[in-house]
$ cat final.tsv   # TSV, C-alpha atoms
chain	number	residue	atom	x	y	z
A	186	MET	CA	102.72	90.79	126.45
A	187	LYS	CA	101.59	93.68	124.27
A	188	MET	CA	103.07	91.90	121.24
A	189	ASP	CA	101.14	88.72	122.03
A	190	ILE	CA	97.89	90.62	122.35
A	191	LEU	CA	98.58	92.49	119.10
A	192	GLU	CA	99.05	89.17	117.29
A	193	GLU	CA	95.87	87.76	118.79
A	194	VAL	CA	93.88	90.91	117.96
A	195	ARG	CA	95.10	90.69	114.35
A	196	GLN	CA	93.96	87.06	114.19
A	197	VAL	CA	90.55	87.90	115.66
A	198	ILE	CA	90.09	90.79	113.21
A	199	ARG	CA	90.97	88.58	110.27
A	200	ASN	CA	88.80	85.67	111.38
A	201	SER	CA	85.75	87.73	112.31
A	202	VAL	CA	85.57	90.65	109.89
A	203	ALA	CA	88.43	90.69	107.37
A	204	PRO	CA	88.85	87.26	105.74
A	205	ASN	CA	90.15	88.77	102.50
A	206	VAL	CA	92.92	90.81	104.14
A	207	LYS	CA	96.27	89.06	104.50
A	208	ILE	CA	97.46	88.89	108.09
A	209	GLU	CA	100.71	90.73	107.17
A	210	GLU	CA	98.62	93.64	105.85
A	211	LEU	CA	97.01	94.11	109.27
A	212	THR	CA	99.82	96.34	110.54
A	213	ASP	CA	99.55	98.59	113.63
A	214	GLN	CA	98.30	101.50	111.56
A	215	PHE	CA	95.91	99.54	109.33
A	216	GLN	CA	92.69	101.56	109.13
A	217	LEU	CA	89.73	99.50	110.29
A	218	THR	CA	86.88	102.04	110.04
A	219	GLY	CA	86.16	102.94	106.45
A	220	ASN	CA	88.01	99.85	105.32
A	221	VAL	CA	86.82	96.54	106.78
A	222	LEU	CA	84.27	97.72	109.36
A	223	ASP	CA	80.58	98.46	108.87
A	224	SER	CA	78.00	98.52	111.66
A	225	MET	CA	77.43	94.76	111.68
A	226	ALA	CA	81.16	94.06	111.44
A	227	VAL	CA	81.82	96.33	114.45
A	228	THR	CA	79.31	94.33	116.49
A	229	ASN	CA	80.78	91.00	115.34
A	230	LEU	CA	84.27	92.23	116.16
A	231	ILE	CA	83.21	93.32	119.66
A	232	LEU	CA	81.67	89.89	120.30
A	233	ALA	CA	84.66	88.04	118.84
A	234	LEU	CA	87.11	90.01	121.01
A	235	GLU	CA	84.99	89.45	124.12
A	236	GLU	CA	84.79	85.72	123.45
A	237	HIS	CA	88.47	85.33	122.57
A	238	PHE	CA	89.87	87.31	125.51
A	239	ASP	CA	87.03	86.47	127.95
A	240	ILE	CA	86.34	90.16	128.60
A	241	THR	CA	83.23	92.38	128.53
A	242	PHE	CA	83.36	95.92	127.15
A	243	GLU	CA	81.38	98.64	128.86
A	244	ASP	CA	79.28	100.88	126.58
A	245	GLU	CA	81.44	103.95	127.27
A	246	GLU	CA	84.59	102.10	126.19
A	247	LEU	CA	83.23	101.64	122.67
A	248	THR	CA	84.42	104.74	120.84
A	249	GLY	CA	85.18	105.52	117.23
A	250	GLU	CA	88.83	106.16	118.11
A	251	ALA	CA	89.19	102.70	119.64
A	252	PHE	CA	88.07	101.05	116.40
A	253	GLU	CA	90.12	103.29	114.11
A	254	THR	CA	93.26	101.17	113.71
A	255	VAL	CA	94.68	97.79	114.73
A	256	SER	CA	96.89	99.61	117.23
A	257	SER	CA	94.05	101.56	118.90
A	258	LEU	CA	91.95	98.41	119.14
A	259	THR	CA	94.88	96.52	120.68
A	260	ASN	CA	95.20	99.28	123.30
A	261	LEU	CA	91.50	98.91	124.15
A	262	VAL	CA	91.90	95.14	124.59
A	263	GLN	CA	95.20	95.53	126.47
A	264	ASN	CA	93.55	97.84	129.01
A	265	LYS	CA	90.70	95.39	129.57
A	266	VAL	CA	93.00	92.38	129.90
A	267	ASN	CA	95.23	94.25	132.40
A	268	ASN	CA	92.22	95.17	134.53
B	190	MET	CA	68.11	66.01	89.94
B	191	LEU	CA	67.10	63.94	92.95
B	192	TYR	CA	64.53	66.36	94.36
B	193	GLU	CA	61.89	68.96	93.57
B	194	GLU	CA	61.46	72.37	95.19
B	195	ASN	CA	58.17	74.27	95.39
B	196	ILE	CA	56.97	77.46	97.04
B	197	HIS	CA	53.88	77.18	99.23
B	198	TYR	CA	51.79	79.57	101.29
B	199	PHE	CA	49.96	78.65	104.48
B	200	ARG	CA	48.14	80.60	107.15
B	201	ASN	CA	49.39	81.47	110.60
B	202	LYS	CA	47.14	81.52	113.67
B	203	ASP	CA	45.86	85.02	112.75
B	204	GLY	CA	45.16	84.12	109.12
B	205	SER	CA	48.18	85.85	107.57
B	206	LEU	CA	49.96	84.00	104.76
B	207	LEU	CA	53.40	82.59	105.52
B	208	GLN	CA	55.80	81.57	102.79
B	209	GLY	CA	57.40	78.15	102.80
B	210	PHE	CA	59.61	76.01	100.55
B	211	LEU	CA	59.09	72.28	100.25
B	212	HIS	CA	62.04	70.16	99.17
B	213	THR	CA	60.65	66.83	97.96
B	214	PRO	CA	62.89	63.79	97.41
B	215	LEU	CA	62.27	61.76	94.26
B	216	ASN	CA	64.13	58.60	95.32
B	217	ASN	CA	64.66	56.57	98.46
B	218	ILE	CA	61.82	58.47	100.19
B	219	LYS	CA	61.83	58.27	103.98
B	220	ASN	CA	58.68	58.50	106.06
B	221	ILE	CA	59.87	61.48	108.13
B	222	GLY	CA	59.77	65.16	107.16
B	223	ILE	CA	62.23	67.69	108.53
B	224	ILE	CA	60.83	71.12	109.46
B	225	TYR	CA	63.43	73.91	109.52
B	226	CYS	CA	63.06	76.76	112.03
B	227	PRO	CA	65.09	79.84	111.05
B	228	PRO	CA	67.19	82.20	113.19
B	229	PHE	CA	66.62	85.90	113.97
B	230	ALA	CA	67.09	89.03	111.80
B	231	GLU	CA	70.40	89.19	109.87
B	232	GLU	CA	71.37	85.70	111.03
B	233	GLU	CA	68.63	84.44	108.68
B	234	ASN	CA	70.13	86.32	105.73
B	235	CYS	CA	73.71	85.33	106.51
B	236	SER	CA	72.87	81.64	106.94
B	237	HIS	CA	70.51	81.36	103.96
B	238	ALA	CA	72.95	79.81	101.46
B	239	VAL	CA	74.24	77.18	103.90
B	240	ILE	CA	70.72	76.28	104.99
B	241	VAL	CA	69.41	75.85	101.44
B	242	GLN	CA	72.40	73.65	100.59
B	243	ALA	CA	71.86	71.61	103.76
B	244	ALA	CA	68.13	71.22	103.00
B	245	ARG	CA	68.98	69.93	99.51
B	246	ARG	CA	71.51	67.48	100.93
B	247	PHE	CA	68.99	66.17	103.47
B	248	THR	CA	66.46	65.81	100.66
B	249	GLU	CA	68.97	63.88	98.53
B	250	THR	CA	69.15	61.33	101.35
B	251	GLY	CA	65.37	60.84	101.15
B	252	TYR	CA	63.86	63.34	103.61
B	253	HIS	CA	61.24	65.92	102.77
B	254	VAL	CA	62.43	69.28	104.14
B	255	PHE	CA	60.12	72.24	104.76
B	256	ARG	CA	61.58	75.71	105.29
B	257	PHE	CA	59.45	78.77	106.04
B	258	TYR	CA	59.58	82.39	107.13
B	259	TYR	CA	58.07	83.49	110.45
B	260	SER	CA	55.31	86.15	110.47
B	261	GLY	CA	56.71	89.55	109.51
B	262	THR	CA	59.96	88.13	108.10
B	263	GLY	CA	61.13	87.24	104.58
B	264	ASP	CA	58.19	87.17	102.16
B	265	SER	CA	55.67	86.12	104.79
B	266	GLU	CA	52.85	88.51	105.61
B	267	GLY	CA	52.86	90.47	108.85
B	268	VAL	CA	54.87	93.25	110.42
B	269	PHE	CA	58.21	92.44	112.05
B	270	SER	CA	57.67	94.91	114.90
B	271	GLN	CA	54.31	93.33	115.75
B	272	SER	CA	55.76	89.83	116.11
B	273	THR	CA	56.86	88.17	119.33
B	274	LEU	CA	58.53	84.88	120.12
B	275	THR	CA	55.11	83.47	121.04
B	276	VAL	CA	53.82	84.31	117.53
B	277	TRP	CA	56.84	82.59	115.97
B	278	LYS	CA	56.41	79.47	118.15
B	279	ASP	CA	52.82	79.26	116.87
B	280	ASP	CA	54.14	79.67	113.32
B	281	ILE	CA	56.30	76.57	113.82
B	282	LEU	CA	53.23	74.54	114.81
B	283	GLN	CA	51.28	75.89	111.82
B	284	ALA	CA	54.19	75.00	109.51
B	285	ILE	CA	54.17	71.44	110.88
B	286	ASN	CA	50.39	71.15	110.35
B	287	PHE	CA	50.72	72.46	106.79
B	288	PHE	CA	53.57	70.06	106.03
B	289	LYS	CA	51.61	67.06	107.31
B	290	SER	CA	48.49	67.95	105.33
B	291	LYS	CA	50.44	68.71	102.14
B	292	THR	CA	52.62	65.59	102.11
B	293	GLY	CA	50.56	63.09	104.08
B	294	ILE	CA	53.68	62.38	106.15
B	295	ASP	CA	52.79	62.23	109.83
B	296	LYS	CA	56.22	61.84	111.39
B	297	ILE	CA	58.33	64.93	111.64
B	298	ALA	CA	61.75	65.95	112.87
B	299	LEU	CA	62.71	69.49	113.85
B	300	TRP	CA	65.81	71.32	112.69
B	301	GLY	CA	66.66	74.77	113.98
B	302	LEU	CA	69.47	77.27	113.83
B	303	ARG	CA	70.11	79.76	116.69
B	304	LEU	CA	66.70	81.25	117.72
B	305	GLY	CA	64.89	78.58	115.68
B	306	SER	CA	66.47	75.75	117.68
B	307	ASP	CA	65.34	77.27	120.99
B	308	LEU	CA	61.81	78.03	119.76
B	309	MET	CA	61.28	74.59	118.28
B	310	LEU	CA	62.23	72.91	121.57
B	311	CYS	CA	59.43	74.90	123.22
B	312	THR	CA	56.92	73.31	120.81
B	313	CYS	CA	57.94	69.69	121.42
B	314	ASP	CA	55.08	68.81	123.79
B	315	GLU	CA	52.74	69.48	120.86
B	316	SER	CA	54.91	68.77	117.83
B	317	LYS	CA	56.26	65.45	119.15
B	318	PRO	CA	59.28	65.15	116.82
B	319	GLU	CA	61.06	61.89	116.06
B	320	PHE	CA	64.36	63.69	116.57
B	321	ALA	CA	65.68	67.27	116.75
B	322	LEU	CA	68.69	68.88	115.10
B	323	ILE	CA	69.90	71.82	117.16
B	324	TRP	CA	72.45	74.00	115.44
B	325	GLN	CA	74.19	76.63	117.59
B	326	PRO	CA	71.36	77.36	120.05
B	327	ILE	CA	71.07	80.72	121.75
B	328	LEU	CA	72.31	79.95	125.24
B	329	ASP	CA	71.39	83.17	127.00
B	330	PHE	CA	68.51	85.26	125.66
B	331	LYS	CA	69.27	88.34	127.75
B	332	SER	CA	72.82	88.49	126.40
B	333	TYR	CA	71.54	87.77	122.90
B	334	ILE	CA	69.11	90.69	122.79
B	335	HIS	CA	71.70	92.93	124.46
B	336	ASN	CA	74.13	92.04	121.68
B	337	PHE	CA	71.42	92.75	119.11
B	338	LEU	CA	71.12	96.26	120.60
B	339	ARG	CA	74.86	96.55	120.09
B	340	LEU	CA	74.21	96.69	116.34
B	341	TYR	CA	73.08	100.22	117.15
B	342	PHE	CA	76.50	100.84	118.73
B	343	GLY	CA	78.14	99.64	115.54
B	344	THR	CA	76.15	102.18	113.53
B	345	GLN	CA	76.99	104.96	116.00
B	346	ILE	CA	80.71	104.12	115.93
B	347	ILE	CA	80.79	104.11	112.11
B	348	VAL	CA	78.58	107.17	111.60
B	349	ASP	CA	79.23	109.31	114.68
B	350	SER	CA	82.62	107.92	115.84
B	351	SER	CA	81.27	107.34	119.34
B	352	VAL	CA	78.50	105.64	121.27
B	353	LYS	CA	76.10	108.48	122.12
B	354	PHE	CA	73.35	106.24	123.48
B	355	SER	CA	74.30	103.61	126.05
B	356	SER	CA	72.34	100.35	126.34
B	357	GLU	CA	70.30	101.86	129.18
B	358	GLU	CA	69.43	104.91	127.07
B	359	LEU	CA	68.47	102.71	124.12
B	360	ILE	CA	66.09	100.74	126.33
B	361	LYS	CA	64.59	104.02	127.61
B	362	GLN	CA	64.09	105.12	123.99
B	363	LEU	CA	62.47	101.77	123.22
B	364	LYS	CA	60.03	102.16	126.11
B	365	LYS	CA	59.30	105.77	125.21
B	366	HIS	CA	58.65	105.25	121.49
B	367	GLY	CA	57.49	101.61	121.57
B	368	LYS	CA	60.03	100.65	118.90
B	369	LEU	CA	63.57	101.30	117.77
B	370	GLU	CA	65.33	100.68	114.49
B	371	ILE	CA	68.31	98.38	115.00
B	372	GLY	CA	70.35	97.39	111.98
B	373	GLY	CA	67.38	97.88	109.67
B	374	TYR	CA	64.92	95.98	111.91
B	375	GLN	CA	62.09	97.65	113.85
B	376	LEU	CA	62.55	96.17	117.30
B	377	SER	CA	59.35	96.66	119.30
B	378	GLU	CA	59.14	96.78	123.07
B	379	GLU	CA	56.97	93.64	122.94
B	380	LEU	CA	59.51	91.69	120.92
B	381	TYR	CA	62.32	92.92	123.19
B	382	LYS	CA	60.32	91.83	126.24
B	383	SER	CA	59.63	88.42	124.75
B	384	PHE	CA	63.37	87.86	124.35
B	385	LYS	CA	64.00	88.95	127.94
B	386	GLU	CA	61.31	86.54	129.18
B	387	GLN	CA	62.33	83.57	127.04
B	388	LYS	CA	63.78	80.65	129.00
B	389	ASN	CA	67.43	80.03	128.29
B	390	PHE	CA	68.44	76.90	126.43
B	391	TRP	CA	69.69	75.05	129.49
B	392	GLU	CA	66.59	76.05	131.48
B	393	ILE	CA	64.14	74.39	129.09
B	394	ASP	CA	62.77	71.35	130.88
B	395	ASN	CA	64.20	68.31	129.10
B	396	SER	CA	63.19	65.75	131.70
B	397	LYS	CA	60.20	64.62	129.62
B	398	THR	CA	62.14	64.56	126.37
B	399	THR	CA	61.82	61.17	124.75
B	400	PHE	CA	63.36	61.84	121.36
B	401	PRO	CA	67.03	62.03	120.37
B	402	LEU	CA	68.69	65.46	120.18
B	403	TYR	CA	71.71	66.31	118.09
B	404	ILE	CA	73.35	69.51	119.30
B	405	PHE	CA	76.00	71.09	117.13
B	406	THR	CA	78.09	74.17	117.85
B	407	ILE	CA	80.71	75.93	115.75
B	408	SER	CA	83.20	78.55	116.86
B	409	MET	CA	86.66	79.78	116.01
B	410	ASN	CA	87.77	78.23	119.30
B	411	GLN	CA	88.74	74.63	119.77
B	412	ASN	CA	86.65	74.30	122.92
B	413	PRO	CA	82.86	74.60	123.14
B	414	PRO	CA	81.25	77.36	125.21
B	415	PHE	CA	81.10	76.68	128.96
B	416	LYS	CA	77.32	77.14	129.08
B	417	ILE	CA	76.65	74.36	126.58
B	418	ARG	CA	78.85	71.98	128.58
B	419	HIS	CA	76.90	72.97	131.69
B	420	PHE	CA	73.62	72.24	129.89
B	421	LEU	CA	74.83	68.88	128.66
B	422	SER	CA	75.81	67.82	132.15
B	423	SER	CA	72.16	68.25	133.15
B	424	LEU	CA	70.79	66.49	130.07
B	425	VAL	CA	69.30	63.17	131.09
B	426	LEU	CA	68.81	61.77	127.65
B	427	LYS	CA	71.31	59.12	126.67
B	428	THR	CA	70.36	59.20	122.99
B	429	SER	CA	71.52	62.79	122.67
B	430	GLN	CA	74.78	63.72	121.09
B	431	TYR	CA	76.79	66.90	121.23
B	432	GLN	CA	79.49	67.91	118.80
B	433	HIS	CA	81.63	71.03	118.59
B	434	ILE	CA	83.85	71.90	115.66
B	435	GLU	CA	86.40	74.63	115.14
B	436	ASP	CA	85.18	76.39	112.02
B	437	THR	CA	83.91	79.78	110.85
B	438	PRO	CA	80.37	80.57	112.03
B	439	PHE	CA	78.15	81.02	108.97
B	440	TRP	CA	75.18	82.81	110.58
B	441	ASP	CA	76.83	86.15	111.35
B	442	ARG	CA	79.03	86.81	108.34
B	443	TYR	CA	77.94	87.23	104.77
B	444	TRP	CA	80.90	85.62	103.04
B	445	ILE	CA	80.44	82.04	104.30
B	446	TRP	CA	78.41	80.14	101.73
B	447	LYS	CA	79.41	76.61	102.66
B	448	SER	CA	79.78	74.73	105.92
B	449	GLU	CA	80.43	71.17	104.87
B	450	LYS	CA	81.38	69.69	108.25
B	451	ILE	CA	78.11	70.52	109.97
B	452	VAL	CA	76.06	69.22	107.03
B	453	GLN	CA	77.99	65.98	106.65
B	454	ASN	CA	78.10	65.26	110.40
B	455	THR	CA	74.38	65.93	110.70
B	456	ILE	CA	73.59	63.52	107.84
B	457	SER	CA	75.76	60.85	109.48
B	458	TRP	CA	73.93	61.33	112.79
B	459	ILE	CA	70.46	61.18	111.16
B	460	ASN	CA	71.42	57.98	109.34
B	461	SER	CA	72.57	56.43	112.62
B	462	GLN	CA	69.19	57.20	114.23
B	463	VAL	CA	66.77	55.95	111.60
$ encode --input "final.tsv" --output "structure tokens"
Amino acid sequence: MKMDILEEVRQVIRNSVAPNVKIEELTDQFQLTGNVLDSMAVTNLILALEEHFDITFEDEELTGEAFETVSSLTNLVQNKVNN
Amino acid sequence: MLYEENIHYFRNKDGSLLQGFLHTPLNNIKNIGIIYCPPFAEEENCSHAVIVQAARRFTETGYHVFRFYYSGTGDSEGVFSQSTLTVWKDDILQAINFFKSKTGIDKIALWGLRLGSDLMLCTCDESKPEFALIWQPILDFKSYIHNFLRLYFGTQIIVDSSVKFSSEELIKQLKKHGKLEIGGYQLSEELYKSFKEQKNFWEIDNSKTTFPLYIFTISMNQNPPFKIRHFLSSLVLKTSQYQHIEDTPFWDRYWIWKSEKIVQNTISWINSQV
């Protein structure tokens, strides 16, 4: 399950904010902040994840740590999907 | 070249000058002009290249196309934070009047993207279009303005690594100071309120609609959003058509400069109507 979500998160990242990054480069530890994310990209990524997984993030869930890497973002999504 | 392009200035209801661009066909001229109504904030910037290309393509098929900037946006006069959706709806009517007087063409069609498509539908009792091209309408204005506030979250996450102000706190700040800078735009309390009060797309009364509508949505998903399907089920007009394509949205990312499917499909639909 976690693996499926990781794959889907990687696809969403690539489609919404990182079109020039090859999918194989989006490894668990790929740094998102300071690399492919600016303020508008963060917002687009939040919306794309919510639409793709049919979830809604609460304000307090949106932390810098959650958006740091592909892995941390997958954990955020995983927790929402499980709830 | 099959068309000419010229900059024009016309006055809004308060006398401020608004900037517009008239695309004039040189061959095969049709007796209908298309008035383009732009989207909100960064969506206007992101979509600019696709819209200009689409306007040129429509002009090549014989239609005059008039694009303009709302009060307080682009190179139009006015202050963004002093504008409201009511002001921008009036701007659409003024743009139509200017177009008619400049070209002598009385019949118009409306074409809008996102916010523009919703606002133009609100003017139809007065503007009486021959047809309307609705590209990716805003379906839920409360969600839309909430997501606009989230641009502030994006800035906080990048700069401060955490969201220090929740949505509720941002709204309190907005009420306290009267405006708030979001993603480089001065959002005023009035503008925020006008979004909150705006009827949602599927709530706009279409029972008196007598002209054909072409509704087009794009998303990375194969299926269209539920809300648009819900709206279409209540749409009484048989001449309307809805199309969804799986493609990259061009209004919220800077790197999309072409969106051929939406342009080509729209031209095909227009040709089938006229």
$ residues_around --input "final.tsv" --residues "Thr254 of chain A" --least-positions-apart "5" --cutoff "8 Å" --atoms "only C-alpha atoms" --output "PyMOL selection string"
chain A and resi 213-218
$ atom_distance --input "final.tsv" --atom1 "atom CA of Lys388 of chain B" --atom2 "atom CA of Gln362 of chain B"
25.0 Å
$ closest_residue --input "final.tsv" --among "A:Thr241, A:Ser201, A:Gln196, A:Thr248" --to "chain B" --atoms "all atoms listed in the file"
A:Thr248
$ atom_distance --input "final.tsv" --atom1 "atom CA of Lys296 of chain B" --atom2 "atom CA of Leu310 of chain B"
16.2 Å
$ closest_residue --input "final.tsv" --among "A:Ile240, A:Leu230, A:Ala251, A:Met225" --to "Arg199 of chain A" --atoms "only C-alpha atoms"
A:Leu230
$ closest_atom_pairs --input "final.tsv" --of "chain A" --to "chain B" --cutoff "12 Å" --atoms "only C-alpha atoms" --output "CSV"
residue,atom,partner,partner_atom,distance
A:Gln196,CA,B:Met409,CA,10.5
A:Val197,CA,B:Met409,CA,9.0
A:Ile198,CA,B:Met409,CA,11.9
A:Arg199,CA,B:Thr437,CA,11.3
A:Asn200,CA,B:Thr437,CA,7.7
A:Ser201,CA,B:Arg442,CA,7.9
A:Val202,CA,B:Arg442,CA,7.7
A:Ala203,CA,B:Trp444,CA,10.1
A:Pro204,CA,B:Trp444,CA,8.6
A:Asn205,CA,B:Trp444,CA,9.8
A:Leu217,CA,B:Ile347,CA,10.2
A:Thr218,CA,B:Ile347,CA,6.8
A:Gly219,CA,B:Ile347,CA,7.9
A:Asn220,CA,B:Ile347,CA,10.8
A:Val221,CA,B:Ile347,CA,11.0
A:Leu222,CA,B:Ile347,CA,7.8
A:Asp223,CA,B:Ile347,CA,6.5
A:Ser224,CA,B:Gly343,CA,4.0
A:Met225,CA,B:Leu340,CA,6.0
A:Ala226,CA,B:Gly343,CA,7.6
A:Val227,CA,B:Gly343,CA,5.1
A:Thr228,CA,B:Gly343,CA,5.5
A:Asn229,CA,B:Asp441,CA,7.4
A:Leu230,CA,B:Gly343,CA,9.6
A:Ile231,CA,B:Arg339,CA,9.0
A:Leu232,CA,B:Asn336,CA,8.0
A:Ala233,CA,B:Met409,CA,9.0
A:Leu234,CA,B:Met409,CA,11.4
A:Glu235,CA,B:Asn336,CA,11.4
A:Glu236,CA,B:Asn410,CA,9.1
A:His237,CA,B:Asn410,CA,7.8
A:Phe238,CA,B:Asn410,CA,11.2
A:Asp239,CA,B:Pro414,CA,11.1
A:Thr241,CA,B:Ser332,CA,11.3
A:Phe242,CA,B:Arg339,CA,11.1
A:Glu243,CA,B:Ser355,CA,9.1
A:Asp244,CA,B:Ser355,CA,5.7
A:Glu245,CA,B:Val352,CA,6.9
A:Glu246,CA,B:Val352,CA,8.6
A:Leu247,CA,B:Val352,CA,6.4
A:Thr248,CA,B:Ser351,CA,4.4
A:Gly249,CA,B:Ser350,CA,3.8
A:Glu250,CA,B:Ser350,CA,6.8
A:Ala251,CA,B:Ser351,CA,9.2
A:Phe252,CA,B:Ile346,CA,8.0
A:Glu253,CA,B:Ser350,CA,9.0
$ residues_around --input "final.tsv" --residues "Phe210 of chain B" --least-positions-apart "4" --cutoff "10 Å" --atoms "all atoms listed in the file" --output "ChimeraX atom specification"
/B:194-198,225,241,254-258
$ atom_distance --input "final.tsv" --atom1 "atom CA of Thr406 of chain B" --atom2 "atom CA of Lys450 of chain B"
11.1 Å
$ build_atoms --input "final.tsv" --residues "segment 295-302 of chain B" --atoms "all heavy atoms" --output "PDB file, in the coordinates of the input"
ATOM      1  N   ASP B 295      53.203  61.906 108.457  1.00  0.00           N
ATOM      2  CA  ASP B 295      52.790  62.230 109.830  1.00  0.00           C
ATOM      3  C   ASP B 295      53.971  62.428 110.781  1.00  0.00           C
ATOM      4  O   ASP B 295      53.862  63.146 111.773  1.00  0.00           O
ATOM      5  CB  ASP B 295      51.890  61.124 110.373  1.00  0.00           C
ATOM      6  CG  ASP B 295      50.488  61.655 110.586  1.00  0.00           C
ATOM      7  OD1 ASP B 295      50.270  62.833 110.253  1.00  0.00           O
ATOM      8  OD2 ASP B 295      49.634  60.891 111.059  1.00  0.00           O
ATOM      9  N   LYS B 296      55.064  61.750 110.491  1.00  0.00           N
ATOM     10  CA  LYS B 296      56.220  61.840 111.390  1.00  0.00           C
ATOM     11  C   LYS B 296      57.105  63.009 110.981  1.00  0.00           C
ATOM     12  O   LYS B 296      57.440  63.147 109.793  1.00  0.00           O
ATOM     13  CB  LYS B 296      57.029  60.546 111.325  1.00  0.00           C
ATOM     14  CG  LYS B 296      56.336  59.357 111.950  1.00  0.00           C
ATOM     15  CD  LYS B 296      57.247  58.149 111.890  1.00  0.00           C
ATOM     16  CE  LYS B 296      56.573  56.944 112.511  1.00  0.00           C
ATOM     17  NZ  LYS B 296      57.384  55.740 112.346  1.00  0.00           N
ATOM     18  N   ILE B 297      57.464  63.791 111.966  1.00  0.00           N
ATOM     19  CA  ILE B 297      58.330  64.930 111.640  1.00  0.00           C
ATOM     20  C   ILE B 297      59.548  64.973 112.569  1.00  0.00           C
ATOM     21  O   ILE B 297      59.539  64.431 113.673  1.00  0.00           O
ATOM     22  CB  ILE B 297      57.571  66.287 111.730  1.00  0.00           C
ATOM     23  CG1 ILE B 297      57.012  66.520 113.154  1.00  0.00           C
ATOM     24  CG2 ILE B 297      56.461  66.366 110.702  1.00  0.00           C
ATOM     25  CD1 ILE B 297      57.659  67.620 113.883  1.00  0.00           C
ATOM     26  N   ALA B 298      60.587  65.634 112.052  1.00  0.00           N
ATOM     27  CA  ALA B 298      61.750  65.950 112.870  1.00  0.00           C
ATOM     28  C   ALA B 298      61.915  67.466 112.820  1.00  0.00           C
ATOM     29  O   ALA B 298      61.456  68.102 111.861  1.00  0.00           O
ATOM     30  CB  ALA B 298      62.989  65.268 112.314  1.00  0.00           C
ATOM     31  N   LEU B 299      62.517  68.044 113.833  1.00  0.00           N
ATOM     32  CA  LEU B 299      62.710  69.490 113.850  1.00  0.00           C
ATOM     33  C   LEU B 299      64.188  69.810 113.698  1.00  0.00           C
ATOM     34  O   LEU B 299      65.048  69.129 114.262  1.00  0.00           O
ATOM     35  CB  LEU B 299      62.182  70.078 115.172  1.00  0.00           C
ATOM     36  CG  LEU B 299      60.671  69.954 115.380  1.00  0.00           C
ATOM     37  CD1 LEU B 299      60.303  70.367 116.802  1.00  0.00           C
ATOM     38  CD2 LEU B 299      59.925  70.823 114.375  1.00  0.00           C
ATOM     39  N   TRP B 300      64.430  70.876 112.928  1.00  0.00           N
ATOM     40  CA  TRP B 300      65.810  71.320 112.690  1.00  0.00           C
ATOM     41  C   TRP B 300      65.811  72.833 112.857  1.00  0.00           C
ATOM     42  O   TRP B 300      65.016  73.528 112.211  1.00  0.00           O
ATOM     43  CB  TRP B 300      66.207  70.896 111.267  1.00  0.00           C
ATOM     44  CG  TRP B 300      67.423  71.534 110.675  1.00  0.00           C
ATOM     45  CD1 TRP B 300      68.568  71.894 111.322  1.00  0.00           C
ATOM     46  CD2 TRP B 300      67.622  71.866 109.282  1.00  0.00           C
ATOM     47  NE1 TRP B 300      69.467  72.427 110.413  1.00  0.00           N
ATOM     48  CE2 TRP B 300      68.914  72.408 109.178  1.00  0.00           C
ATOM     49  CE3 TRP B 300      66.833  71.744 108.132  1.00  0.00           C
ATOM     50  CZ2 TRP B 300      69.437  72.845 107.962  1.00  0.00           C
ATOM     51  CZ3 TRP B 300      67.354  72.173 106.925  1.00  0.00           C
ATOM     52  CH2 TRP B 300      68.643  72.710 106.834  1.00  0.00           C
ATOM     53  N   GLY B 301      66.652  73.330 113.752  1.00  0.00           N
ATOM     54  CA  GLY B 301      66.660  74.770 113.980  1.00  0.00           C
ATOM     55  C   GLY B 301      68.067  75.322 114.089  1.00  0.00           C
ATOM     56  O   GLY B 301      68.993  74.625 114.525  1.00  0.00           O
ATOM     57  N   LEU B 302      68.202  76.561 113.686  1.00  0.00           N
ATOM     58  CA  LEU B 302      69.470  77.270 113.830  1.00  0.00           C
ATOM     59  C   LEU B 302      69.248  78.456 114.758  1.00  0.00           C
ATOM     60  O   LEU B 302      68.275  79.206 114.575  1.00  0.00           O
ATOM     61  CB  LEU B 302      69.957  77.750 112.448  1.00  0.00           C
ATOM     62  CG  LEU B 302      71.183  78.680 112.433  1.00  0.00           C
ATOM     63  CD1 LEU B 302      72.437  77.966 112.949  1.00  0.00           C
ATOM     64  CD2 LEU B 302      71.445  79.206 111.010  1.00  0.00           C
TER      65      LEU B 302
END
